[in-house]
Structure formats: C-alpha cells, structure tokens
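What follows is the content of protein23.tsv (TSV, C-alpha atoms).
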chain	number	residue	atom	x	y	z
A	375	MET	CA	-0.10	48.65	-39.41
A	376	THR	CA	3.26	46.93	-38.93
A	377	PRO	CA	5.63	45.92	-41.77
A	378	VAL	CA	4.54	42.31	-41.24
A	379	GLU	CA	0.88	43.28	-41.70
A	380	LEU	CA	1.81	45.40	-44.72
A	381	SER	CA	3.62	42.43	-46.24
A	382	ARG	CA	0.49	40.30	-45.83
A	383	THR	CA	-1.65	43.04	-47.41
A	384	VAL	CA	0.66	43.30	-50.43
A	385	LEU	CA	0.69	39.52	-50.85
A	386	HIS	CA	-3.11	39.49	-50.64
A	387	ALA	CA	-3.21	41.96	-53.55
A	388	VAL	CA	-0.85	39.70	-55.53
A	389	ARG	CA	-3.01	36.66	-54.76
A	390	ARG	CA	-6.19	38.42	-55.92
A	391	ALA	CA	-4.50	39.53	-59.14
A	392	VAL	CA	-3.39	35.94	-59.78
A	393	ASP	CA	-6.82	34.49	-58.96
A	394	GLU	CA	-8.50	36.90	-61.38
A	395	GLY	CA	-6.01	36.24	-64.18
A	396	GLU	CA	-4.31	39.64	-64.17
A	397	LEU	CA	-0.95	38.16	-63.20
A	398	SER	CA	0.52	34.75	-63.97
A	399	VAL	CA	3.04	34.25	-61.16
A	400	THR	CA	3.65	32.13	-58.08
A	401	VAL	CA	2.65	34.11	-55.01
A	402	PRO	CA	5.84	34.51	-52.92
A	403	GLU	CA	5.99	33.70	-49.23
A	404	ARG	CA	6.73	37.30	-48.24
A	405	ALA	CA	6.93	40.81	-49.61
A	406	VAL	CA	9.77	42.99	-48.39
A	407	VAL	CA	8.41	46.27	-47.00
A	408	THR	CA	10.84	49.01	-45.93
A	409	PRO	CA	10.91	52.79	-45.48
A	410	PRO	CA	11.08	54.51	-48.89
A	411	GLY	CA	14.53	55.02	-50.40
A	412	PRO	CA	15.79	58.04	-52.35
A	413	GLY	CA	13.15	59.18	-54.81
A	414	GLY	CA	10.40	57.36	-52.90
A	415	CYS	CA	7.48	58.79	-50.98
A	416	GLY	CA	4.87	57.81	-48.41
A	417	ASP	CA	5.40	55.72	-45.30
A	418	TYR	CA	6.64	52.42	-46.75
A	419	ALA	CA	7.80	50.98	-50.06
A	420	THR	CA	7.99	47.49	-51.56
A	421	ASN	CA	9.87	46.06	-54.55
A	422	ILE	CA	7.37	43.22	-55.06
A	423	ALA	CA	6.65	44.28	-58.67
A	424	LEU	CA	10.35	44.06	-59.58
A	425	GLN	CA	10.48	40.67	-57.90
A	426	LEU	CA	7.56	39.31	-59.96
A	427	ALA	CA	8.20	41.01	-63.31
A	428	ARG	CA	10.40	38.33	-64.90
A	429	GLU	CA	8.00	35.49	-64.06
A	430	ALA	CA	5.03	37.60	-65.19
A	431	GLY	CA	6.75	38.40	-68.48
A	432	ARG	CA	5.88	42.08	-68.12
A	433	PRO	CA	7.76	45.30	-67.29
A	434	PRO	CA	8.00	45.94	-63.53
A	435	ARG	CA	6.02	49.19	-63.78
A	436	ASP	CA	3.13	47.34	-65.48
A	437	VAL	CA	3.09	44.80	-62.64
A	438	ALA	CA	3.26	47.66	-60.12
A	439	GLU	CA	0.29	49.45	-61.73
A	440	THR	CA	-1.74	46.22	-61.60
A	441	LEU	CA	-1.05	45.86	-57.89
A	442	ARG	CA	-1.53	49.59	-57.25
A	443	ALA	CA	-5.12	49.39	-58.51
A	444	ARG	CA	-5.86	46.69	-55.93
A	445	LEU	CA	-3.99	48.28	-53.04
A	446	LEU	CA	-5.88	51.57	-53.51
A	447	HIS	CA	-9.03	49.72	-52.40
A	448	GLU	CA	-7.43	49.01	-49.01
A	449	GLN	CA	-9.01	51.33	-46.46
A	450	ARG	CA	-5.75	51.84	-44.55
A	451	PHE	CA	-3.96	53.49	-47.48
A	452	THR	CA	-4.45	57.13	-48.43
A	453	ASP	CA	-2.35	56.74	-51.57
A	454	VAL	CA	-0.23	54.22	-53.47
A	455	VAL	CA	2.37	55.66	-55.86
A	456	VAL	CA	4.62	53.88	-58.37
A	457	THR	CA	8.15	55.34	-58.52
A	458	GLY	CA	11.41	54.49	-60.25
A	459	PRO	CA	11.54	51.18	-62.11
A	460	GLY	CA	8.46	49.87	-60.30
A	461	PHE	CA	8.56	50.50	-56.55
A	462	LEU	CA	5.17	50.70	-54.82
A	463	ASN	CA	5.08	53.49	-52.23
A	464	LEU	CA	2.38	53.19	-49.57
A	465	SER	CA	0.91	56.08	-47.56
A	466	LEU	CA	-0.99	55.02	-44.43
A	467	ARG	CA	-4.08	56.64	-43.01
A	468	SER	CA	-3.45	58.33	-39.66
A	469	ALA	CA	-5.68	55.78	-37.94
A	470	ALA	CA	-3.03	53.20	-38.73
A	471	SER	CA	-0.80	54.87	-36.14
A	472	ALA	CA	-3.46	54.18	-33.52
A	473	ASP	CA	-3.60	50.53	-34.59
A	474	LEU	CA	0.18	50.19	-34.22
A	475	VAL	CA	0.23	51.87	-30.82
A	476	GLU	CA	-2.69	49.75	-29.63
A	477	GLU	CA	-0.90	46.57	-30.71
A	478	ILE	CA	2.32	47.59	-28.93
A	479	LEU	CA	0.49	48.40	-25.70
A	480	ARG	CA	-1.49	45.15	-25.92
A	481	ARG	CA	1.58	42.97	-26.44
A	482	GLY	CA	3.86	44.95	-24.14
A	483	ARG	CA	7.52	44.05	-24.15
A	484	ARG	CA	6.70	41.02	-26.31
A	485	PHE	CA	5.80	43.22	-29.27
A	486	GLY	CA	7.77	41.84	-32.20
A	487	HIS	CA	8.07	38.38	-30.63
A	488	THR	CA	6.56	35.47	-32.51
A	489	ALA	CA	2.93	34.88	-31.58
A	490	THR	CA	2.88	31.29	-32.83
A	491	GLY	CA	5.22	29.59	-30.35
A	492	PHE	CA	8.00	27.25	-31.54
A	493	SER	CA	9.17	28.09	-35.06
A	494	GLY	CA	10.26	24.51	-35.71
A	495	ILE	CA	13.91	25.59	-36.01
A	496	ALA	CA	16.60	24.30	-33.66
A	497	VAL	CA	19.80	26.37	-33.60
A	498	GLU	CA	23.17	25.61	-32.04
A	499	ILE	CA	25.24	28.70	-31.29
A	500	ARG	CA	28.95	28.20	-30.73
A	501	CYS	CA	31.36	30.74	-29.28
A	502	ARG	CA	34.83	31.04	-27.83
A	503	ALA	CA	35.39	31.41	-24.09
A	504	GLU	CA	36.06	35.14	-24.50
A	505	VAL	CA	33.89	37.69	-22.77
A	506	ARG	CA	32.61	39.52	-25.87
A	507	ALA	CA	31.92	36.31	-27.79
A	508	VAL	CA	29.98	34.90	-24.86
A	509	VAL	CA	27.92	38.09	-24.37
A	510	VAL	CA	27.11	38.24	-28.10
A	511	ALA	CA	26.07	34.57	-28.03
A	512	ASP	CA	23.84	35.31	-25.06
A	513	ALA	CA	22.13	38.24	-26.83
A	514	VAL	CA	21.69	36.25	-30.05
A	515	THR	CA	20.12	33.46	-28.00
A	516	ARG	CA	17.63	35.84	-26.37
A	517	VAL	CA	16.54	37.34	-29.69
A	518	ALA	CA	16.36	33.98	-31.48
A	519	ARG	CA	14.13	32.62	-28.72
A	520	SER	CA	11.87	35.66	-29.11
A	521	GLN	CA	11.33	34.48	-32.70
A	522	GLY	CA	10.37	30.98	-31.57
A	523	ASP	CA	13.68	29.23	-32.24
A	524	PHE	CA	14.92	26.49	-29.92
A	525	VAL	CA	18.49	27.45	-29.06
A	526	ARG	CA	21.38	25.56	-27.51
A	527	VAL	CA	24.65	27.35	-26.77
A	528	GLN	CA	27.98	25.53	-26.92
A	529	CYS	CA	30.93	27.47	-25.53
A	530	ASP	CA	34.37	26.20	-26.52
A	531	GLY	CA	35.75	26.37	-23.02
A	532	ARG	CA	34.24	27.38	-19.71
A	533	PRO	CA	33.29	31.05	-19.25
A	534	ALA	CA	35.21	32.63	-16.39
A	535	PRO	CA	33.17	32.73	-13.15
A	536	GLU	CA	33.60	36.50	-12.87
A	537	TRP	CA	31.75	36.97	-16.17
A	538	GLU	CA	28.47	35.88	-14.59
A	539	SER	CA	27.80	39.49	-13.57
A	540	VAL	CA	27.33	40.44	-17.25
A	541	LEU	CA	26.15	37.16	-18.78
A	542	GLY	CA	22.82	36.01	-17.41
A	543	ALA	CA	21.81	32.35	-17.56
A	544	ASP	CA	21.42	31.64	-21.29
A	545	VAL	CA	25.03	30.86	-22.14
A	546	THR	CA	26.00	29.07	-18.96
A	547	THR	CA	22.95	26.81	-19.25
A	548	ARG	CA	23.50	24.75	-22.37
A	549	GLY	CA	20.15	22.93	-22.42
A	550	PRO	CA	19.37	19.43	-23.72
A	551	ARG	CA	21.27	17.83	-26.58
A	552	LEU	CA	19.71	18.21	-30.01
A	553	ILE	CA	20.40	17.78	-33.70
A	554	PRO	CA	20.32	21.40	-34.87
A	555	ASP	CA	18.76	22.60	-38.10
A	556	ARG	CA	21.36	25.34	-38.14
A	557	SER	CA	24.75	25.74	-36.46
A	558	VAL	CA	26.16	29.23	-35.99
A	559	THR	CA	29.55	30.33	-34.71
A	560	VAL	CA	29.82	33.90	-33.42
A	561	ARG	CA	33.31	35.40	-33.76
A	562	PRO	CA	33.26	39.09	-32.80
A	563	VAL	CA	36.49	41.04	-32.50
A	564	PRO	CA	37.61	40.45	-28.89
A	565	ALA	CA	37.28	43.17	-26.26
A	566	PRO	CA	40.56	45.12	-25.96
A	567	ALA	CA	40.24	45.38	-22.18
A	568	ASP	CA	38.24	43.99	-19.29
A	569	PRO	CA	34.67	45.44	-19.51
A	570	LEU	CA	33.55	44.18	-16.10
A	571	PRO	CA	34.41	47.43	-14.19
A	572	LEU	CA	31.69	49.13	-16.27
A	573	GLY	CA	28.98	47.05	-14.58
A	574	ARG	CA	26.47	44.74	-16.24
A	575	ASP	CA	24.44	47.19	-18.34
A	576	ALA	CA	27.24	49.42	-19.64
A	577	ALA	CA	29.53	46.42	-20.22
A	578	ARG	CA	26.92	44.60	-22.28
A	579	TRP	CA	26.15	47.72	-24.34
A	580	ALA	CA	29.87	48.33	-24.92
A	581	LEU	CA	30.24	44.78	-26.25
A	582	LEU	CA	26.97	44.59	-28.24
A	583	HIS	CA	26.51	48.04	-29.80
A	584	PRO	CA	29.52	47.85	-32.18
A	585	ALA	CA	29.25	45.53	-35.18
A	586	ALA	CA	31.04	42.20	-34.73
A	587	HIS	CA	33.96	43.30	-36.94
A	588	ASP	CA	34.47	46.54	-34.97
A	589	ARG	CA	36.61	46.70	-31.85
A	590	PRO	CA	34.57	47.83	-28.81
A	591	ARG	CA	35.67	50.91	-26.89
A	592	ILE	CA	36.57	49.96	-23.32
A	593	PRO	CA	35.97	51.88	-21.11
A	594	GLY	CA	34.71	54.53	-23.56
A	595	ASP	CA	32.00	56.96	-22.37
A	596	HIS	CA	29.43	54.29	-21.52
A	597	LEU	CA	28.96	55.58	-17.96
A	598	VAL	CA	28.69	59.27	-18.88
A	599	GLN	CA	25.17	60.69	-18.59
A	600	ARG	CA	25.12	62.96	-21.63
A	601	GLU	CA	23.87	62.85	-25.22
A	602	SER	CA	27.22	61.66	-26.56
A	603	ASN	CA	26.58	58.31	-24.82
A	604	PRO	CA	24.16	56.20	-26.96
A	605	LEU	CA	23.22	53.95	-24.02
A	606	PHE	CA	22.29	56.99	-21.95
A	607	ARG	CA	20.08	58.33	-24.79
A	608	VAL	CA	18.19	55.04	-25.05
A	609	ARG	CA	17.68	54.63	-21.30
A	610	TYR	CA	16.90	58.32	-20.82
A	611	ALA	CA	14.21	58.20	-23.52
A	612	HIS	CA	12.63	55.22	-21.75
A	613	ALA	CA	12.75	56.98	-18.37
A	614	ARG	CA	11.13	60.07	-19.93
A	615	THR	CA	8.19	57.98	-21.14
A	616	ARG	CA	7.66	56.67	-17.61
A	617	ALA	CA	7.86	60.19	-16.16
A	618	LEU	CA	5.29	61.43	-18.70
A	619	LEU	CA	2.90	58.68	-17.66
A	620	ARG	CA	3.30	59.64	-13.99
A	621	ASN	CA	2.84	63.36	-14.74
A	622	ALA	CA	-0.23	62.71	-16.88
A	623	ALA	CA	-1.78	60.62	-14.13
A	624	ASP	CA	-1.23	63.53	-11.73
A	625	LEU	CA	-3.11	65.74	-14.22
A	626	GLY	CA	-5.96	63.25	-14.42
A	627	PHE	CA	-5.57	61.81	-17.92
A	628	HIS	CA	-4.30	58.57	-19.34
A	629	PRO	CA	-2.99	57.25	-22.67
A	630	GLU	CA	-5.50	56.52	-25.40
A	631	PRO	CA	-4.28	55.42	-28.86
A	632	GLY	CA	-5.29	57.79	-31.62
A	633	PRO	CA	-3.92	59.46	-34.76
A	634	VAL	CA	-0.62	61.32	-34.31
A	635	SER	CA	0.33	62.89	-37.62
A	636	GLU	CA	3.46	64.76	-36.49
A	637	ALA	CA	5.54	61.71	-35.48
A	638	GLU	CA	6.11	59.86	-38.76
A	639	ALA	CA	9.75	58.98	-37.99
A	640	LEU	CA	8.86	57.50	-34.61
A	641	LEU	CA	5.90	55.55	-35.99
A	642	ALA	CA	8.08	54.15	-38.79
A	643	ALA	CA	10.76	53.10	-36.29
A	644	LEU	CA	8.22	51.42	-33.99
A	645	GLY	CA	6.55	49.66	-36.90
A	646	ASP	CA	9.95	48.38	-38.01
A	647	HIS	CA	10.64	46.69	-34.67
A	648	PRO	CA	9.33	43.20	-35.59
A	649	ARG	CA	11.40	43.20	-38.78
A	650	VAL	CA	14.53	44.25	-36.87
A	651	LEU	CA	14.07	41.45	-34.34
A	652	ALA	CA	13.60	38.89	-37.12
A	653	ALA	CA	16.68	40.18	-38.97
A	654	THR	CA	18.73	40.20	-35.76
A	655	ALA	CA	17.81	36.57	-35.11
A	656	THR	CA	18.47	35.53	-38.72
A	657	HIS	CA	21.82	37.27	-39.11
A	658	HIS	CA	22.98	36.93	-35.47
A	659	THR	CA	23.67	40.67	-35.19
A	660	PRO	CA	22.64	42.15	-31.83
A	661	ASP	CA	24.32	45.41	-32.91
A	662	ARG	CA	21.42	45.78	-35.39
A	663	LEU	CA	18.94	45.79	-32.50
A	664	ALA	CA	21.08	48.21	-30.48
A	665	ARG	CA	21.21	50.69	-33.38
A	666	HIS	CA	17.46	50.33	-33.89
A	667	LEU	CA	16.78	51.17	-30.23
A	668	LEU	CA	18.93	54.26	-30.61
A	669	ALA	CA	16.88	55.28	-33.68
A	670	VAL	CA	13.64	54.81	-31.71
A	671	ALA	CA	14.98	56.90	-28.82
A	672	ASP	CA	16.17	59.72	-31.08
A	673	ALA	CA	12.84	59.75	-32.97
A	674	ALA	CA	10.88	59.82	-29.70
A	675	MET	CA	12.64	62.79	-28.10
A	676	PRO	CA	10.93	65.51	-30.23
A	677	LEU	CA	7.52	64.10	-29.26
A	678	PHE	CA	7.96	64.41	-25.51
A	679	PRO	CA	7.56	68.22	-25.13
A	680	THR	CA	4.15	68.00	-26.85
A	681	VAL	CA	2.66	65.27	-24.66
A	682	LEU	CA	1.55	67.26	-21.61
A	683	PRO	CA	-0.80	70.29	-21.69
A	684	LEU	CA	0.87	73.69	-21.28
A	685	GLY	CA	-0.34	76.45	-18.97
A	686	GLU	CA	-4.13	76.54	-18.72
A	687	GLU	CA	-4.53	74.08	-21.60
A	688	LYS	CA	-6.84	71.15	-20.86
A	689	PRO	CA	-5.90	67.56	-21.74
A	690	SER	CA	-7.33	66.71	-25.16
A	691	ALA	CA	-7.63	63.66	-27.37
A	692	ALA	CA	-4.39	64.75	-29.04
A	693	HIS	CA	-2.57	64.75	-25.68
A	694	ARG	CA	-3.91	61.30	-24.86
A	695	ALA	CA	-2.83	59.97	-28.28
A	696	ARG	CA	0.67	61.43	-27.90
A	697	LEU	CA	0.91	59.97	-24.41
A	698	ALA	CA	-0.05	56.54	-25.77
A	699	LEU	CA	2.59	56.87	-28.50
A	700	ALA	CA	5.20	57.84	-25.91
A	701	GLU	CA	4.23	54.82	-23.81
A	702	ALA	CA	4.54	52.60	-26.89
A	703	ALA	CA	8.03	53.97	-27.56
A	704	GLY	CA	9.04	53.27	-23.97
A	705	THR	CA	7.62	49.75	-24.24
A	706	VAL	CA	9.66	48.99	-27.37
A	707	LEU	CA	12.80	50.44	-25.78
A	708	ALA	CA	12.34	48.38	-22.61
A	709	GLY	CA	11.60	45.20	-24.55
A	710	GLY	CA	14.60	45.67	-26.83
A	711	LEU	CA	16.98	46.42	-23.96
A	712	SER	CA	15.69	43.32	-22.16
A	713	LEU	CA	16.62	41.19	-25.19
A	714	LEU	CA	20.12	42.66	-25.00
A	715	GLY	CA	20.20	41.76	-21.30
A	716	ILE	CA	20.15	45.41	-20.21
A	717	ASP	CA	17.84	46.99	-17.63
A	718	ALA	CA	15.52	49.90	-18.51
A	719	PRO	CA	15.13	51.94	-15.29
A	720	ASP	CA	12.01	54.05	-14.73
A	721	HIS	CA	14.12	56.81	-13.12
A	722	LEU	CA	17.42	58.05	-14.47
Take the structure in the file and give it back as structure tokens.
Amino acid sequence: MTPVELSRTVLHAVRRAVDEGELSVTVPERAVVTPPGPGGCGDYATNIALQLAREAGRPPRDVAETLRARLLHEQRFTDVVVTGPGFLNLSLRSAASADLVEEILRRGRRFGHTATGFSGIAVEIRCRAEVRAVVVADAVTRVARSQGDFVRVQCDGRPAPEWESVLGADVTTRGPRLIPDRSVTVRPVPAPADPLPLGRDAARWALLHPAAHDRPRIPGDHLVQRESNPLFRVRYAHARTRALLRNAADLGFHPEPGPVSEAEALLAALGDHPRVLAATATHHTPDRLARHLLAVADAAMPLFPTVLPLGEEKPSAAHRARLALAEAAGTVLAGGLSLLGIDAPDHL
C-alpha cells in the first residue's frame, strides 16, 4: 500500500465517520501520511485528527480514537495506535509489501507518475543561461511532466552549444506558447567550475544533488567508484539488482511478489516514491529526488545478500519475494535517475 493509497483509506474513514454522524467536519482533499516521527510507531503516521479537531470542536485524541475504530476494520492494517497529541500510527500487514512490489513491477519506471494524464496545470519555468540553472530547469521539467503538468521552459539567454552533452532536449525545446497557471524561476547557486569534463551523468548529479542554495562541488569525487560517492552508491545498487536477476535466472527461479518482513526501511522508502515525485514537482527541488534515491539505495543494500540461496539451499518463496523486492528497488532507482536525466547501467 503506497502513501497515496493510505491517504485515500484514511479519508474514507473520515468520510464514513461524517456520514454516520460521528464527526461534523468537511472531508479534506488529502491526508498527509509520512513515516512515524519520534515517539511514533508502526509503518506510517498521519496527523489528520489534529487537522480536523478544531472544526470538529473536539480534542484531537478524541477525533483520533473515532478514526482509529474505523481504520482497525481495514484488512491491511495489523494495528492502529494513537500517540502524542493525536497522531494515528498505522501498521501494515506483511501482504501489503507484496501489493507495493507488484504495483512497482507492473508500472515499471513509471511508478509514481500520474496515471490520469494531463493534470490541467500549465507551468512556465524560467532560468538563467548558466549551466546549473539550465540543468535544474531540465530536471524540474522532467519531474513535473511525470505528474501530468504541461511545461514550457523559457531560458533568459541561449544555452551554450557545448552544454547539450549534459542537457537533453527539454530545455532547448521551448514548446508552444501558453498562458501558464504558474510561473517558476529557478535560481540555484551557480556552478563554481565547468562540470562538463565530468561527463553527462556525473555532471548532472554534481549539479542536481546539492540543494539549490548549496554550492556544488566541481569536480568533487563524482567519478570515484567507492561508497563515499553517492552517485556510485545509487548506480551500484541498481546494477546489483540486475545482477541478482541474472543470477537467479541461472539458478532457475524468478521474482514473485510476497511478504518480506525484514526490509521495513526499504519498503517505506519505495512506498514514499510517489510522494517524493509529487513534492519535487511542486517545490521544484530535484535535490529532493536525488536524496530519496540515495535513501532507497542504502536501504536496499542489506537485502541483497539474502536474495540468492546459499550452499545446498533450494530457492524458496522467501527467495522469490526478496528477488521481487530487489527488482522493485532497481526499478525505482532506474526511473528516478531517468527523471534526473542520468543513465542507470545494468553493469558497473
């Protein structure tokens, strides 16, 4: 179950409580669902009760208890706990991990993209003719389009021809004229040196991974193949997933989504992917997506040694489920890197 699906489930509980007269509130458009904070528990938490308490005229914990009673009837939850001033903490059944993995494998690299087509929002993105600004505008354009936005890029000046090796087509192709619903200007701190000698992938990561107000490190260690290089960790994790699939095929078994109880951090990171893409598009922060991919890669690494059978061990349902989870992690990494304009090689 993804955070988006969890949000819908929580809102459904609110709507039922309103329909049956237990709450007198306007059902909001969305419920924010995030990993639990300090003092929380379970897989996810929501502050929906605190959000509704004033309108309901009741203490937040009372609202939370009303919603808890309804959420406990959902088959996908093993427990719902109220903590702090009224946070609802949700624990998912292990089968939910299989549902998430199955959805990722079904949607492929488009997991987290809008499934409804055009969002109805037209965005104009403006940037200076400076290499980092243009690369950030390009990445923002890619992610915004994944969320269904129609995007036109306006560069104040002509990008230098030599930048084409790191840009792609989105910024240099401005598209048709339009009256935008929203106009955004990206102004990252300029690159302190020419990133082009790094090559397309490392140059884009060097410019996109730091937050817009941070100065990128050029050349930095972006070409070094060791754990200190975040880009290497992300691409290496993806390459490991592809190698595991090849090795499993040689052993005669294939991925099959199923419960994987020992990979909570990875499952939480994968489930958070749609929210991260939406937030990246809304706030125009490709560094948010880059950091998320690094979190997915780091959470995936402990899983990999458990995927293949050891010694005389025969492939089991647990191995097939772990292999499917590893494939899902690789799919999210490849899709996210693609939105940043970076390749995800199968061999590294």
Nearest candidate to Thr654 of chain A (options A:Leu582, A:Val681, A:Val706, A:Ala565; using only C-alpha atoms):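 Closest to Thr654 of chain A of all the choices is A:Leu582.
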Test item: which residues lie within 9 Å of (5.0, 50.6, -19.9) counting all atoms listed in the file, as a list in words: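 Within 9 Å of (5.0, 50.6, -19.9), the protein and nucleic acid residues are Leu479, Gly482, Arg483, Thr615, Arg616, Leu619, Glu701, Ala702, Ala703, Gly704, Thr705, Val706 and Ala708 of chain A.
Residue nearest Glu429 of chain A within the list A:Pro402, A:Ala700, A:Gly491, A:Asp453: A:Pro402 [criterion: smallest interatomic distance, only C-alpha atoms].
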Selection near segment 675-679 of chain A, 8 Å with only C-alpha atoms, sequence-local residues under 2 positions removed, as an MDAnalysis selection string: chainID A and resid 611 614:615 618 637 671:673 681:682 696 700
Interatomic distance, atom CA of Trp579 of chain A to atom CA of Gln528 of chain A (Å, one decimal):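 Interatomic distance, atom CA of Trp579 of chain A to atom CA of Gln528 of chain A: 22.4 Å.
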Residue nearest Asp568 of chain A - candidates A:Val634, A:Ala674, A:Val505, A:Val514, atoms counted: all atoms listed in the file: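 Once distances to Asp568 of chain A are computed over all atoms listed in the file, the minimum belongs to A:Val505.
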Selection: 6 Å around Arg500 of chain A, all atoms listed in the file, excl. self and same-chain fewer than 6 positions, as a list in words: Val527, Gln528, Cys529 and Thr559 of chain A
Filtering to C-alpha atoms, could you give me those residues as a compact mmCIF listing (two decimals), keeping the file's coordinate frame?
# COMPACT_ATOMS: atom_id res chain seq x y z
CA VAL A 527 24.65 27.35 -26.77
CA GLN A 528 27.98 25.53 -26.92
CA CYS A 529 30.93 27.47 -25.53
CA THR A 559 29.55 30.33 -34.71
Enumerate, in order of chain and increasing residue number, the residues of segment 401-473 of chain A with an atom no farther than 6 Å from segment 377-389 of chain A, each with its shortest atom pair and distance in Å to one decimal, counting all atoms listed in the file, as CSV.
residue,atom,partner,partner_atom,distance
A:Ala405,CA,A:Ser381,CA,5.0
A:Val407,CA,A:Pro377,CA,5.9
A:Arg444,CA,A:Ala387,CA,5.9
Point (4.3, 54.5, -35.4), cut-off 10 Å, counting all atoms listed in the file, residues as an MDAnalysis selection string: chainID A and resid 375:376 468 470:475 478 633:635 637:646 699 702:703
Shortest interatomic distance to Val437 of chain A - which of A:Glu396, A:Glu601, A:Asp417, A:Asp720, counting only C-alpha atoms: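 Closest to Val437 of chain A of all the choices is A:Glu396.
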Counting all atoms listed in the file, the residue of A:Ala622, A:Leu668, A:Ile499, A:Ala576 that sits nearest Asp717 of chain A: A:Ala576
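Closest approach to Leu462 of chain A among A:Pro719, A:Ala503, A:Thr420, A:Arg484: A:Thr420, based on all atoms listed in the file.
Relative to atom CA of Asn463 of chain A, atom CA of Gly416 of chain A is found at 5.8 Å.
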Interatomic distance (Å, one decimal) between atom CA of His647 of chain A and atom CA of Arg665 of chain A: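 If I compute the distance from atom CA of His647 of chain A to atom CA of Arg665 of chain A, I get 11.4 Å.
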